[in-house]
Amino acid sequence: MIRRATEADVPAVTALVHELAAYEKSSSLCTVRDEQLRAALFGAQPSVFAHVAEHEGTVVGCALWFLNFSTWDGVNGIYLEDLYVQPAARGEGFGTALLAALAAECVDRQYTRLAWSVLDWNTPSIGFYRSLGAEPQDEWTTFRLTEDALSELAIQAR
């Protein structure tokens with residue numbers, strides 16, 4: 001079953017995010033805690049949303065997402081930050097069902113796109129996404145500022 005996450009799901013979703021970080025060989029970079037995720041999902045001004053995949057009463061997967069905006073279309077879209085299904089539950093349709101739920105959110109709200117990133121080495125996921133009709137946006141390169149570079153650039157605004 002796919003459903004919107006509730007506050008009671010926060011510990012399970014946090015654990016899934018940490019499992020995803022381990023899968024992506026980045027455990028040391030994943031520091032999110034339940035209280036942070038709870039505030040982001042269910043605080044006064046939620047900045048992220050989540051769906052969960054539940055099997056026999058246990059959360060086995062999640063999709064964490066937020067709204068983006070296309071200045072060209074003038075319409076919101078969904079950016080999928082994390083999609084993760086536990087290895088034991090893979091192949092049961094949970095990943096497809098989570099993405100279908102997000103596609104339905106887009107269609108129901110008249111959003112024009114559902115977008116996400118995938119690591120270049122993650123060929124199983126790339127194959128899965130292509131099987132759904134998703135196309136890579138190879139002409140774009142993602143950039144990121146963090147830590148010292150972020151702080152140093154921020155100084156210019158002060």
# chains A, B, ... in the order shown; residues from 1 in each chain; ligands from 1
>>> select_by_dssp(residues="chain A", states="strand (DSSP E)", output="VMD selection string")
chain A and resid 2 to 4 49 to 55 58 to 70 75 to 85 114 to 116
>>> closest_atom_pairs(of="range 74-125 of chain A", to="range 48-53 of chain A", cutoff="9 Å", atoms="only C-alpha atoms", output="tab-separated table")
residue	atom	partner	partner_atom	distance
A:Val85	CA	A:Ala53	CA	8.0
A:Phe94	CA	A:Ala53	CA	6.2
A:Gly95	CA	A:Ala53	CA	8.3
A:Ala97	CA	A:Ala53	CA	8.1
A:Leu98	CA	A:Ala53	CA	6.9
A:Ala101	CA	A:His51	CA	8.0
A:Leu102	CA	A:His51	CA	8.4
>>> write_last_selection(atoms="C-alpha atoms", output="mmCIF file, in the first residue's frame")
data_model
loop_
_atom_site.group_PDB
_atom_site.id
_atom_site.type_symbol
_atom_site.label_atom_id
_atom_site.label_comp_id
_atom_site.auth_asym_id
_atom_site.auth_seq_id
_atom_site.Cartn_x
_atom_site.Cartn_y
_atom_site.Cartn_z
ATOM 1 C CA VAL A 85 12.763 0.572 -1.159
ATOM 2 C CA PHE A 94 6.724 -0.609 -4.497
ATOM 3 C CA GLY A 95 9.138 1.657 -6.396
ATOM 4 C CA ALA A 97 3.841 2.501 -7.045
ATOM 5 C CA LEU A 98 5.673 5.300 -5.220
ATOM 6 C CA ALA A 101 1.688 8.229 -6.651
ATOM 7 C CA LEU A 102 3.954 11.201 -7.353
#
>>> residues_around(residues="Cys30 in chain A", least_positions_apart="6", cutoff="12 Å", atoms="only C-alpha atoms", output="PDB file with C-alpha atoms, in the first residue's frame")
ATOM      1  CA  THR A  14      14.599   8.450   8.916  1.00  0.00           C
ATOM      2  CA  ALA A  15      15.924   4.885   9.074  1.00  0.00           C
ATOM      3  CA  LEU A  16      15.213   4.411   5.347  1.00  0.00           C
ATOM      4  CA  VAL A  17      17.120   7.609   4.523  1.00  0.00           C
ATOM      5  CA  HIS A  18      20.090   6.247   6.464  1.00  0.00           C
ATOM      6  CA  GLU A  19      19.801   2.918   4.591  1.00  0.00           C
ATOM      7  CA  LEU A  20      19.789   4.827   1.305  1.00  0.00           C
ATOM      8  CA  ALA A  21      22.912   6.720   2.346  1.00  0.00           C
ATOM      9  CA  ALA A  22      24.637   3.412   3.104  1.00  0.00           C
ATOM     10  CA  TYR A  23      23.550   2.030  -0.299  1.00  0.00           C
ATOM     11  CA  GLU A  24      24.999   5.144  -1.939  1.00  0.00           C
TER      12      GLU A  24
END
>>> closest_residue(among="A:Asn76, A:Gln156, A:Gln36, A:Thr146", to="Tyr111 in chain A", atoms="only C-alpha atoms")
A:Asn76
>>> select_by_dssp(residues="range 4-142 of chain A", states="helix (DSSP H, G or I)", output="ChimeraX atom specification")
/A:7-23,27-29,34-42,87-89,94-109,123-131
>>> closest_atom_pairs(of="range 8-89 of chain A", to="range 114-122 of chain A", cutoff="8 Å", atoms="only C-alpha atoms", output="CSV")
residue,atom,partner,partner_atom,distance
A:Gly77,CA,A:Leu114,CA,5.9
A:Ile78,CA,A:Leu114,CA,4.9
A:Tyr79,CA,A:Ala115,CA,4.9
A:Leu80,CA,A:Trp116,CA,5.0
A:Glu81,CA,A:Trp116,CA,6.4
>>> write_last_selection(atoms="all heavy atoms", output="PDB file, in the first residue's frame")
ATOM      1  N   GLY A  77       6.309  21.833 -10.185  1.00  0.00           N
ATOM      2  CA  GLY A  77       6.568  20.436 -10.448  1.00  0.00           C
ATOM      3  C   GLY A  77       7.004  19.803  -9.145  1.00  0.00           C
ATOM      4  O   GLY A  77       7.091  20.468  -8.104  1.00  0.00           O
ATOM      5  N   ILE A  78       7.290  18.534  -9.205  1.00  0.00           N
ATOM      6  CA  ILE A  78       7.792  17.808  -8.035  1.00  0.00           C
ATOM      7  C   ILE A  78       9.228  17.416  -8.291  1.00  0.00           C
ATOM      8  O   ILE A  78       9.567  16.908  -9.367  1.00  0.00           O
ATOM      9  CB  ILE A  78       6.931  16.555  -7.757  1.00  0.00           C
ATOM     10  CG1 ILE A  78       5.574  16.963  -7.184  1.00  0.00           C
ATOM     11  CG2 ILE A  78       7.650  15.587  -6.809  1.00  0.00           C
ATOM     12  CD1 ILE A  78       4.617  15.811  -6.933  1.00  0.00           C
ATOM     13  N   TYR A  79      10.084  17.664  -7.297  1.00  0.00           N
ATOM     14  CA  TYR A  79      11.448  17.157  -7.326  1.00  0.00           C
ATOM     15  C   TYR A  79      11.532  16.040  -6.290  1.00  0.00           C
ATOM     16  O   TYR A  79      11.294  16.255  -5.104  1.00  0.00           O
ATOM     17  CB  TYR A  79      12.492  18.235  -7.017  1.00  0.00           C
ATOM     18  CG  TYR A  79      13.873  17.668  -7.221  1.00  0.00           C
ATOM     19  CD1 TYR A  79      14.444  17.640  -8.484  1.00  0.00           C
ATOM     20  CD2 TYR A  79      14.565  17.076  -6.165  1.00  0.00           C
ATOM     21  CE1 TYR A  79      15.684  17.062  -8.694  1.00  0.00           C
ATOM     22  CE2 TYR A  79      15.805  16.500  -6.372  1.00  0.00           C
ATOM     23  CZ  TYR A  79      16.357  16.495  -7.630  1.00  0.00           C
ATOM     24  OH  TYR A  79      17.573  15.905  -7.839  1.00  0.00           O
ATOM     25  N   LEU A  80      11.846  14.862  -6.759  1.00  0.00           N
ATOM     26  CA  LEU A  80      11.984  13.692  -5.896  1.00  0.00           C
ATOM     27  C   LEU A  80      13.399  13.683  -5.331  1.00  0.00           C
ATOM     28  O   LEU A  80      14.360  13.455  -6.043  1.00  0.00           O
ATOM     29  CB  LEU A  80      11.716  12.422  -6.708  1.00  0.00           C
ATOM     30  CG  LEU A  80      11.946  11.087  -6.018  1.00  0.00           C
ATOM     31  CD1 LEU A  80      11.046  10.927  -4.802  1.00  0.00           C
ATOM     32  CD2 LEU A  80      11.727   9.953  -7.020  1.00  0.00           C
ATOM     33  N   GLU A  81      13.512  13.950  -4.051  1.00  0.00           N
ATOM     34  CA  GLU A  81      14.829  13.986  -3.402  1.00  0.00           C
ATOM     35  C   GLU A  81      15.348  12.579  -3.138  1.00  0.00           C
ATOM     36  O   GLU A  81      16.501  12.285  -3.396  1.00  0.00           O
ATOM     37  CB  GLU A  81      14.744  14.781  -2.098  1.00  0.00           C
ATOM     38  CG  GLU A  81      16.048  14.896  -1.348  1.00  0.00           C
ATOM     39  CD  GLU A  81      17.131  15.684  -2.082  1.00  0.00           C
ATOM     40  OE1 GLU A  81      16.813  16.495  -2.958  1.00  0.00           O
ATOM     41  OE2 GLU A  81      18.312  15.467  -1.763  1.00  0.00           O
TER      42      GLU A  81
END
>>> residues_around(residues="Leu41 in chain A", least_positions_apart="3", cutoff="12 Å", atoms="only C-alpha atoms", output="list in words")
Arg4, Ala5, Thr6, Glu7, Ala8, Asp9, Val10, Val13, Thr14, Asp34, Glu35, Gln36, Leu37, Arg38, Ala44, Gln45, Pro46, Ser47, Val48, Phe49, Ala50, His51, Leu64, Trp65 and Phe66 of chain A
